[in-house]
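Each remark here refers to the structure printed beneath this line.
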Amino acid sequence: MGPSGGPGVGGGSPLMLEARHITKRFGGAIALSDVSLEVHKATVHALVGENGAGKSTLGRIFSGAVLPDSGEVVLEGRPVRFTTPREAQRGGVAAVSQELTLVPQLTVIENVFLGVEERRFGMVARRAARHRFEALVQVAGLGLAPGQRVGDLSVADRQKVEVLRALARGARFVVMDEPTAALAADEVRQLLDLVHRLARSGTTIVYVSHALDDVLEVADEVTVLRDGKIVSTAPAGTETTESLATAMLGRPLDLSFPDRGVPTAAATPICEVRDLARLPVFSGVNFSLRAGEILGLAGLIDSGATAIARVVAGDLRPTGGEVVIDGEGGRLSSPYAALQRGVSLLPESRRDEGLFMRRPIRENVSATDAGQVSRLGFVQRARERRLVNQQLSGFDVRMASVDAPVNTLSGGNQQKVLFGKCVFMHPKLLVALQPTRGVDVGAKAAIYRLLVDLAAAGTGILLVSPEIEEIYALAHRILVLRRGQVVLEVSPDQVSYEEVMAYVLGTAPVGSGPAGLGGPG
């Protein structure tokens, strides 16, 4: 038996899909080169690889979003050539990605059946839709209210709606591309449980992900791609995170976190948060952050951690309290106003909030401090290129040149460019929201090193991540938040990771902090 509860790899399970000698180029770059692959029915087949390895391109070919230049796809023994996602849906193939495609203003049930509504006399048959919805929910094992507005749902619940949409269209084969990238730890658990249930019910899943631990838990079989070619395909039970990382990179990777060092004890606070509130999300939050210190805010999706960080960065307005930067109070009315005070925000979504995707790399990086590259109001291109190249030289960004548009880069390289943009103006404080979201293990290791080096150079860092292990390994101090309240302030040197997680998950009683700590400070 495989992890999904199916017959396991090969074990008598017929083929759902074959990719035969697939090649795909984008301009002069080869995304996939002579790729052949077999996916068995009612199993979870994972695709892993570095950013730019070709795994998402292969998944998009399966789901009709991209056409291969050569080769063929065989679905249930029949060659197919899907030219659009709609054609793929008619053939029983659907996609669920981190970039959700729902209509926020519509209800759950309206989104699920949008475009495939059953009609009688020209009107939507609402009673029939309700019966179909209940049947889908039972098959998938989901608890979603049909009348709830999608715009009011969490990201995790929206992804459940995407899955129901796929099932409503008769999908027997679902491609999931980075489905956990935007999820908190508890939501990841729900998503993985859903994948297991779908496979047990007969749905075939291709699961594209950077999260190797999740892959090993959910997949029956794992294919590793590197530079557009398949390196290996093996049962998930024979792999480890270390073996997958080595296959992805072509060399062993130290998966340990870098030494975070020790901030100078005499360093003065560069940021003080005093009785901060943004009702109803959080209230009564107090902390200080010194130069060279990494302070982690840890909590579940409803903890208020992200909202606190966004208030500090001027992206949200508080309903009470204040943020003091270098001894100077006053409201930070916008991220731009915060930049003028030395506070830089690294947002959660590089695509929606962080980068100008069609603009050159150099323009993106220099955007936070145009004064460095301008004279008399005019940008000096040669100086901009030199300074941006200098800025990115230690970031290992794989690019043709700084004149290339950002959208020509892989996700991991885009994230490094975003990091370069956020520190181009040499901030006193970097507010980092999910700095490793949607990047592979190699890029993660590079970003961890960048954060630690930045702190060592004297920048204060406020770190928020759904991966609590990142916070525990990188932060000098951790504030654990639960439902908008700080329930624990602790140094990772004084407490185990398991104890921190107990507070994050709410299984440890509030006020019963480790000896000598006693809860929030």
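Chain labels A, B, ... are given in the sequence in which chains occur in the structure tokens; within each chain residues are numbered consecutively from 1, and ligands are likewise numbered from 1 in the order shown.
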
Excluding Val35 in chain A and residues on its chain fewer than 4 positions from it, collect all residues at most 8 Å away from it, counting only C-alpha atoms, and give them as number ranges by chain.
A: 19-23, 228-230

Could you save the residues just selected, with C-alpha atoms, as a PDB file, in the first residue's frame?
```pdb
ATOM      1  CA  ALA A  19       4.235  11.450 -20.901  1.00  0.00           C
ATOM      2  CA  ARG A  20       6.324  10.358 -23.883  1.00  0.00           C
ATOM      3  CA  HIS A  21       9.455  12.300 -24.867  1.00  0.00           C
ATOM      4  CA  ILE A  22       8.063  15.724 -23.919  1.00  0.00           C
ATOM      5  CA  THR A  23      10.188  18.736 -24.908  1.00  0.00           C
ATOM      6  CA  GLY A 228      14.408  20.125 -17.547  1.00  0.00           C
ATOM      7  CA  LYS A 229      15.315  16.444 -17.361  1.00  0.00           C
ATOM      8  CA  ILE A 230      14.152  13.585 -15.169  1.00  0.00           C
TER       9      ILE A 230
END
```

Please, which residues of range 213-438 of chain A, numbered as in this document, come out strand (DSSP E) from DSSP, as a ChimeraX atom specification?
/A:221-226,229-235,269-278,282-290,294-298,320-325,343-346,374-375,378-379,429-433

Quick one: residues within 8 Å of range 491-493 of chain A, only C-alpha atoms counted, chain neighbours fewer than 3 positions away excluded, as an MDAnalysis selection string?
chainID A and resid 472:473 475:478 496:497

File dump, residues just selected, N, CA, C and O atoms, as a CSV table (one decimal), in the first residue's frame:
```
chain,number,residue,atom,x,y,z
A,472,TYR,N,12.0,29.1,14.8
A,472,TYR,CA,12.8,28.5,15.9
A,472,TYR,C,14.3,28.5,15.6
A,472,TYR,O,15.1,28.7,16.5
A,473,ALA,N,14.6,28.2,14.3
A,473,ALA,CA,16.0,28.0,14.0
A,473,ALA,C,16.7,29.3,13.8
A,473,ALA,O,17.9,29.5,14.0
A,475,ALA,N,15.5,32.7,14.7
A,475,ALA,CA,15.2,33.9,15.6
A,475,ALA,C,16.0,33.8,16.9
A,475,ALA,O,16.3,32.7,17.4
A,476,HIS,N,16.4,35.0,17.4
A,476,HIS,CA,17.1,35.1,18.7
A,476,HIS,C,16.0,35.1,19.8
A,476,HIS,O,16.3,34.6,20.9
A,477,ARG,N,14.9,35.6,19.5
A,477,ARG,CA,13.7,35.6,20.4
A,477,ARG,C,12.5,35.3,19.6
A,477,ARG,O,12.4,35.6,18.5
A,478,ILE,N,11.5,34.6,20.3
A,478,ILE,CA,10.3,34.2,19.7
A,478,ILE,C,9.1,34.8,20.6
A,478,ILE,O,9.1,34.6,21.8
A,496,SER,N,12.5,23.8,24.0
A,496,SER,CA,12.6,22.9,22.8
A,496,SER,C,11.6,23.4,21.8
A,496,SER,O,10.6,24.1,22.0
A,497,TYR,N,11.8,22.9,20.5
A,497,TYR,CA,10.9,23.2,19.4
A,497,TYR,C,9.5,22.6,19.7
A,497,TYR,O,8.5,23.3,19.5
```

Give me the residues within 7 Å of range 165-168 of chain A as a list in words, counting only C-alpha atoms and dropping any in the same chain fewer than 6 places off.
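Once the nearby chain positions are removed, what remains is Ala94, Val112 and Phe113 of chain A.
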
Given only C-alpha atoms as the basis, pick out the residue of A:Thr57, A:Thr507, A:Asn286, A:Thr107 nearest to Phe26 in chain A.
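The closest residue to Phe26 in chain A is A:Thr57.
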
Please list as a PDB file with N, CA, C and O atoms, in the first residue's frame every residue within 8 Å of Glu348 in chain A, counting only C-alpha atoms and excluding residues in the same chain fewer than 4 positions away.
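Dumped to around.pdb:
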```pdb
ATOM      1  N   GLU A 353       2.407  41.734  -4.574  1.00  0.00           N
ATOM      2  CA  GLU A 353       2.763  42.878  -3.752  1.00  0.00           C
ATOM      3  C   GLU A 353       4.229  43.303  -3.847  1.00  0.00           C
ATOM      4  O   GLU A 353       4.555  44.432  -3.501  1.00  0.00           O
ATOM      5  N   GLY A 354       5.095  42.401  -4.328  1.00  0.00           N
ATOM      6  CA  GLY A 354       6.510  42.673  -4.180  1.00  0.00           C
ATOM      7  C   GLY A 354       7.244  43.152  -5.414  1.00  0.00           C
ATOM      8  O   GLY A 354       8.125  44.009  -5.340  1.00  0.00           O
ATOM      9  N   LEU A 433       7.898  38.744   5.746  1.00  0.00           N
ATOM     10  CA  LEU A 433       6.712  37.889   5.803  1.00  0.00           C
ATOM     11  C   LEU A 433       6.912  36.704   4.866  1.00  0.00           C
ATOM     12  O   LEU A 433       7.003  36.881   3.650  1.00  0.00           O
ATOM     13  N   GLN A 434       7.024  35.526   5.423  1.00  0.00           N
ATOM     14  CA  GLN A 434       7.196  34.296   4.646  1.00  0.00           C
ATOM     15  C   GLN A 434       8.307  34.452   3.599  1.00  0.00           C
ATOM     16  O   GLN A 434       8.071  34.301   2.396  1.00  0.00           O
ATOM     17  N   PRO A 435       9.535  34.744   4.025  1.00  0.00           N
ATOM     18  CA  PRO A 435      10.605  35.035   3.064  1.00  0.00           C
ATOM     19  C   PRO A 435      10.985  33.877   2.163  1.00  0.00           C
ATOM     20  O   PRO A 435      11.610  34.087   1.131  1.00  0.00           O
ATOM     21  N   ARG A 437       8.664  31.618   0.927  1.00  0.00           N
ATOM     22  CA  ARG A 437       7.435  31.069   0.338  1.00  0.00           C
ATOM     23  C   ARG A 437       7.663  30.675  -1.125  1.00  0.00           C
ATOM     24  O   ARG A 437       8.147  31.451  -1.940  1.00  0.00           O
TER      25      ARG A 437
END
```

Shell around range 308-312 of chain A at 7 Å using only C-alpha atoms, local window under 4 positions removed, as a ChimeraX atom specification:
/A:304,316-318,323,431

Got a sec: who's within 9 Å of Val365 in chain A, counting only C-alpha atoms, leaving out chain neighbours fewer than 5 positions off, as a PyMOL selection string?
chain A and resi 355+360+388+391-392+417-424

Store the residues of this selection in a file with N, CA, C and O atoms, as a PDB file, in the first residue's frame.
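again.pdb written:
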```pdb
ATOM      1  N   LEU A 355       6.894  42.611  -6.593  1.00  0.00           N
ATOM      2  CA  LEU A 355       7.689  42.866  -7.785  1.00  0.00           C
ATOM      3  C   LEU A 355       6.819  43.383  -8.931  1.00  0.00           C
ATOM      4  O   LEU A 355       5.634  43.073  -9.020  1.00  0.00           O
ATOM      5  N   PRO A 360      12.257  45.355 -15.775  1.00  0.00           N
ATOM      6  CA  PRO A 360      13.594  44.773 -15.615  1.00  0.00           C
ATOM      7  C   PRO A 360      13.966  44.545 -14.155  1.00  0.00           C
ATOM      8  O   PRO A 360      13.466  45.233 -13.246  1.00  0.00           O
ATOM      9  N   VAL A 388      22.967  47.585  -8.837  1.00  0.00           N
ATOM     10  CA  VAL A 388      22.088  46.419  -8.725  1.00  0.00           C
ATOM     11  C   VAL A 388      22.898  45.132  -8.874  1.00  0.00           C
ATOM     12  O   VAL A 388      22.688  44.158  -8.127  1.00  0.00           O
ATOM     13  N   GLN A 391      24.544  44.651  -5.667  1.00  0.00           N
ATOM     14  CA  GLN A 391      23.599  44.228  -4.637  1.00  0.00           C
ATOM     15  C   GLN A 391      23.294  42.733  -4.750  1.00  0.00           C
ATOM     16  O   GLN A 391      23.212  42.024  -3.745  1.00  0.00           O
ATOM     17  N   LEU A 392      23.139  42.248  -5.973  1.00  0.00           N
ATOM     18  CA  LEU A 392      22.726  40.860  -6.179  1.00  0.00           C
ATOM     19  C   LEU A 392      23.901  39.894  -6.276  1.00  0.00           C
ATOM     20  O   LEU A 392      23.694  38.682  -6.375  1.00  0.00           O
ATOM     21  N   VAL A 417      15.537  38.314  -5.861  1.00  0.00           N
ATOM     22  CA  VAL A 417      15.452  39.693  -6.361  1.00  0.00           C
ATOM     23  C   VAL A 417      14.601  40.535  -5.412  1.00  0.00           C
ATOM     24  O   VAL A 417      14.952  41.692  -5.110  1.00  0.00           O
ATOM     25  N   LEU A 418      13.482  39.969  -4.937  1.00  0.00           N
ATOM     26  CA  LEU A 418      12.643  40.685  -3.977  1.00  0.00           C
ATOM     27  C   LEU A 418      13.437  41.007  -2.714  1.00  0.00           C
ATOM     28  O   LEU A 418      13.348  42.119  -2.171  1.00  0.00           O
ATOM     29  N   PHE A 419      14.223  40.058  -2.244  1.00  0.00           N
ATOM     30  CA  PHE A 419      15.059  40.287  -1.063  1.00  0.00           C
ATOM     31  C   PHE A 419      16.049  41.418  -1.345  1.00  0.00           C
ATOM     32  O   PHE A 419      16.238  42.319  -0.524  1.00  0.00           O
ATOM     33  N   GLY A 420      16.674  41.372  -2.534  1.00  0.00           N
ATOM     34  CA  GLY A 420      17.613  42.431  -2.897  1.00  0.00           C
ATOM     35  C   GLY A 420      16.948  43.792  -2.945  1.00  0.00           C
ATOM     36  O   GLY A 420      17.529  44.804  -2.532  1.00  0.00           O
ATOM     37  N   LYS A 421      15.718  43.832  -3.453  1.00  0.00           N
ATOM     38  CA  LYS A 421      14.963  45.085  -3.494  1.00  0.00           C
ATOM     39  C   LYS A 421      14.711  45.626  -2.091  1.00  0.00           C
ATOM     40  O   LYS A 421      14.889  46.830  -1.833  1.00  0.00           O
ATOM     41  N   CYS A 422      14.337  44.730  -1.188  1.00  0.00           N
ATOM     42  CA  CYS A 422      13.958  45.168   0.165  1.00  0.00           C
ATOM     43  C   CYS A 422      15.142  45.663   0.986  1.00  0.00           C
ATOM     44  O   CYS A 422      14.958  46.442   1.928  1.00  0.00           O
ATOM     45  N   VAL A 423      16.342  45.217   0.659  1.00  0.00           N
ATOM     46  CA  VAL A 423      17.508  45.652   1.450  1.00  0.00           C
ATOM     47  C   VAL A 423      18.387  46.627   0.676  1.00  0.00           C
ATOM     48  O   VAL A 423      19.437  47.044   1.169  1.00  0.00           O
ATOM     49  N   PHE A 424      17.965  47.028  -0.541  1.00  0.00           N
ATOM     50  CA  PHE A 424      18.757  47.949  -1.355  1.00  0.00           C
ATOM     51  C   PHE A 424      18.956  49.278  -0.642  1.00  0.00           C
ATOM     52  O   PHE A 424      20.003  49.925  -0.793  1.00  0.00           O
TER      53      PHE A 424
END
```

Measuring between only C-alpha atoms, which one of A:Arg386, A:Arg90, A:Arg260, A:Lys428 shows the shortest distance to Ile325 in chain A?
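With only C-alpha atoms as the atom set, the closest residue is A:Lys428.
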
Name the residues of range 301-456 of chain A that fall into helix (DSSP H, G or I) according to DSSP on the backbone, using the chain letters and numbers of this document, as a VMD selection string.
chain A and resid 305 to 312 335 to 340 350 to 354 361 to 373 381 to 392 406 to 408 411 to 423 441 to 456

Take CA of Gly371 in chain A and CA of Gly342 in chain A and report the distance between them in Å, one decimal.
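Between these atoms lies a distance of 14.3 Å.
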
Using only C-alpha atoms, what does the table of range 421-499 of chain A residues within 10 Å of range 404-413 of chain A look like, with each row giving the shortest atom pair and its distance in Å to one decimal, sorted by chain and ascending number, as JSON lines?
```
{"residue": "A:Thr436", "atom": "CA", "partner": "A:Gly412", "partner_atom": "CA", "distance": 8.4}
{"residue": "A:Arg437", "atom": "CA", "partner": "A:Gly412", "partner_atom": "CA", "distance": 8.9}
{"residue": "A:Gly438", "atom": "CA", "partner": "A:Gly411", "partner_atom": "CA", "distance": 6.9}
{"residue": "A:Val439", "atom": "CA", "partner": "A:Gly412", "partner_atom": "CA", "distance": 4.7}
{"residue": "A:Asp440", "atom": "CA", "partner": "A:Gly412", "partner_atom": "CA", "distance": 6.7}
{"residue": "A:Val441", "atom": "CA", "partner": "A:Gly412", "partner_atom": "CA", "distance": 9.4}
{"residue": "A:Gly442", "atom": "CA", "partner": "A:Gly412", "partner_atom": "CA", "distance": 8.6}
{"residue": "A:Ala443", "atom": "CA", "partner": "A:Gly412", "partner_atom": "CA", "distance": 5.7}
{"residue": "A:Lys444", "atom": "CA", "partner": "A:Gly412", "partner_atom": "CA", "distance": 8.2}
{"residue": "A:Ala446", "atom": "CA", "partner": "A:Gly412", "partner_atom": "CA", "distance": 9.8}
{"residue": "A:Ile447", "atom": "CA", "partner": "A:Gly412", "partner_atom": "CA", "distance": 9.5}
```

How would the residues just picked look written out with all heavy atoms as a PDB file, in the first residue's frame?
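Below is the file selection03.pdb, written as the result:
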```pdb
ATOM      1  N   THR A 436      10.614  32.631   2.532  1.00  0.00           N
ATOM      2  CA  THR A 436      10.966  31.487   1.685  1.00  0.00           C
ATOM      3  C   THR A 436       9.741  30.865   1.031  1.00  0.00           C
ATOM      4  O   THR A 436       9.789  29.714   0.585  1.00  0.00           O
ATOM      5  CB  THR A 436      11.709  30.408   2.502  1.00  0.00           C
ATOM      6  OG1 THR A 436      10.852  29.936   3.557  1.00  0.00           O
ATOM      7  CG2 THR A 436      12.992  30.950   3.104  1.00  0.00           C
ATOM      8  N   ARG A 437       8.664  31.618   0.927  1.00  0.00           N
ATOM      9  CA  ARG A 437       7.435  31.069   0.338  1.00  0.00           C
ATOM     10  C   ARG A 437       7.663  30.675  -1.125  1.00  0.00           C
ATOM     11  O   ARG A 437       8.147  31.451  -1.940  1.00  0.00           O
ATOM     12  CB  ARG A 437       6.311  32.098   0.405  1.00  0.00           C
ATOM     13  CG  ARG A 437       5.022  31.610  -0.247  1.00  0.00           C
ATOM     14  CD  ARG A 437       3.978  32.696  -0.334  1.00  0.00           C
ATOM     15  NE  ARG A 437       2.819  32.233  -1.085  1.00  0.00           N
ATOM     16  CZ  ARG A 437       1.813  33.011  -1.468  1.00  0.00           C
ATOM     17  NH1 ARG A 437       1.811  34.288  -1.165  1.00  0.00           N
ATOM     18  NH2 ARG A 437       0.801  32.517  -2.151  1.00  0.00           N
ATOM     19  N   GLY A 438       7.314  29.432  -1.451  1.00  0.00           N
ATOM     20  CA  GLY A 438       7.321  28.987  -2.833  1.00  0.00           C
ATOM     21  C   GLY A 438       8.698  28.852  -3.443  1.00  0.00           C
ATOM     22  O   GLY A 438       8.845  28.997  -4.660  1.00  0.00           O
ATOM     23  N   VAL A 439       9.736  28.568  -2.633  1.00  0.00           N
ATOM     24  CA  VAL A 439      11.075  28.375  -3.201  1.00  0.00           C
ATOM     25  C   VAL A 439      11.586  26.993  -2.820  1.00  0.00           C
ATOM     26  O   VAL A 439      11.131  26.376  -1.865  1.00  0.00           O
ATOM     27  CB  VAL A 439      12.068  29.461  -2.730  1.00  0.00           C
ATOM     28  CG1 VAL A 439      11.571  30.843  -3.090  1.00  0.00           C
ATOM     29  CG2 VAL A 439      12.334  29.384  -1.224  1.00  0.00           C
ATOM     30  N   ASP A 440      12.558  26.501  -3.582  1.00  0.00           N
ATOM     31  CA  ASP A 440      13.076  25.170  -3.358  1.00  0.00           C
ATOM     32  C   ASP A 440      14.101  25.154  -2.230  1.00  0.00           C
ATOM     33  O   ASP A 440      14.474  26.206  -1.684  1.00  0.00           O
ATOM     34  CB  ASP A 440      13.689  24.617  -4.638  1.00  0.00           C
ATOM     35  CG  ASP A 440      14.817  25.503  -5.154  1.00  0.00           C
ATOM     36  OD1 ASP A 440      15.860  25.589  -4.497  1.00  0.00           O
ATOM     37  OD2 ASP A 440      14.638  26.111  -6.227  1.00  0.00           O
ATOM     38  N   VAL A 441      14.591  23.959  -1.899  1.00  0.00           N
ATOM     39  CA  VAL A 441      15.482  23.827  -0.747  1.00  0.00           C
ATOM     40  C   VAL A 441      16.788  24.587  -0.930  1.00  0.00           C
ATOM     41  O   VAL A 441      17.343  25.136   0.028  1.00  0.00           O
ATOM     42  CB  VAL A 441      15.781  22.344  -0.433  1.00  0.00           C
ATOM     43  CG1 VAL A 441      14.564  21.663   0.138  1.00  0.00           C
ATOM     44  CG2 VAL A 441      16.286  21.600  -1.677  1.00  0.00           C
ATOM     45  N   GLY A 442      17.297  24.636  -2.177  1.00  0.00           N
ATOM     46  CA  GLY A 442      18.531  25.371  -2.410  1.00  0.00           C
ATOM     47  C   GLY A 442      18.347  26.853  -2.190  1.00  0.00           C
ATOM     48  O   GLY A 442      19.175  27.513  -1.540  1.00  0.00           O
ATOM     49  N   ALA A 443      17.247  27.420  -2.713  1.00  0.00           N
ATOM     50  CA  ALA A 443      16.967  28.840  -2.523  1.00  0.00           C
ATOM     51  C   ALA A 443      16.663  29.145  -1.061  1.00  0.00           C
ATOM     52  O   ALA A 443      17.026  30.213  -0.540  1.00  0.00           O
ATOM     53  CB  ALA A 443      15.791  29.263  -3.402  1.00  0.00           C
ATOM     54  N   LYS A 444      15.993  28.214  -0.369  1.00  0.00           N
ATOM     55  CA  LYS A 444      15.733  28.414   1.056  1.00  0.00           C
ATOM     56  C   LYS A 444      17.035  28.577   1.824  1.00  0.00           C
ATOM     57  O   LYS A 444      17.181  29.486   2.651  1.00  0.00           O
ATOM     58  CB  LYS A 444      14.949  27.230   1.626  1.00  0.00           C
ATOM     59  CG  LYS A 444      13.457  27.314   1.469  1.00  0.00           C
ATOM     60  CD  LYS A 444      12.772  26.233   2.282  1.00  0.00           C
ATOM     61  CE  LYS A 444      11.264  26.390   2.243  1.00  0.00           C
ATOM     62  NZ  LYS A 444      10.572  25.436   3.121  1.00  0.00           N
ATOM     63  N   ALA A 446      19.870  29.574   0.785  1.00  0.00           N
ATOM     64  CA  ALA A 446      20.483  30.857   0.452  1.00  0.00           C
ATOM     65  C   ALA A 446      19.798  32.004   1.192  1.00  0.00           C
ATOM     66  O   ALA A 446      20.463  32.921   1.706  1.00  0.00           O
ATOM     67  CB  ALA A 446      20.426  31.086  -1.055  1.00  0.00           C
ATOM     68  N   ILE A 447      18.465  31.960   1.278  1.00  0.00           N
ATOM     69  CA  ILE A 447      17.728  33.036   1.947  1.00  0.00           C
ATOM     70  C   ILE A 447      17.970  33.010   3.451  1.00  0.00           C
ATOM     71  O   ILE A 447      18.084  34.054   4.100  1.00  0.00           O
ATOM     72  CB  ILE A 447      16.230  32.946   1.600  1.00  0.00           C
ATOM     73  CG1 ILE A 447      16.024  33.318   0.126  1.00  0.00           C
ATOM     74  CG2 ILE A 447      15.388  33.855   2.498  1.00  0.00           C
ATOM     75  CD1 ILE A 447      14.640  33.052  -0.402  1.00  0.00           C
TER      76      ILE A 447
END
```
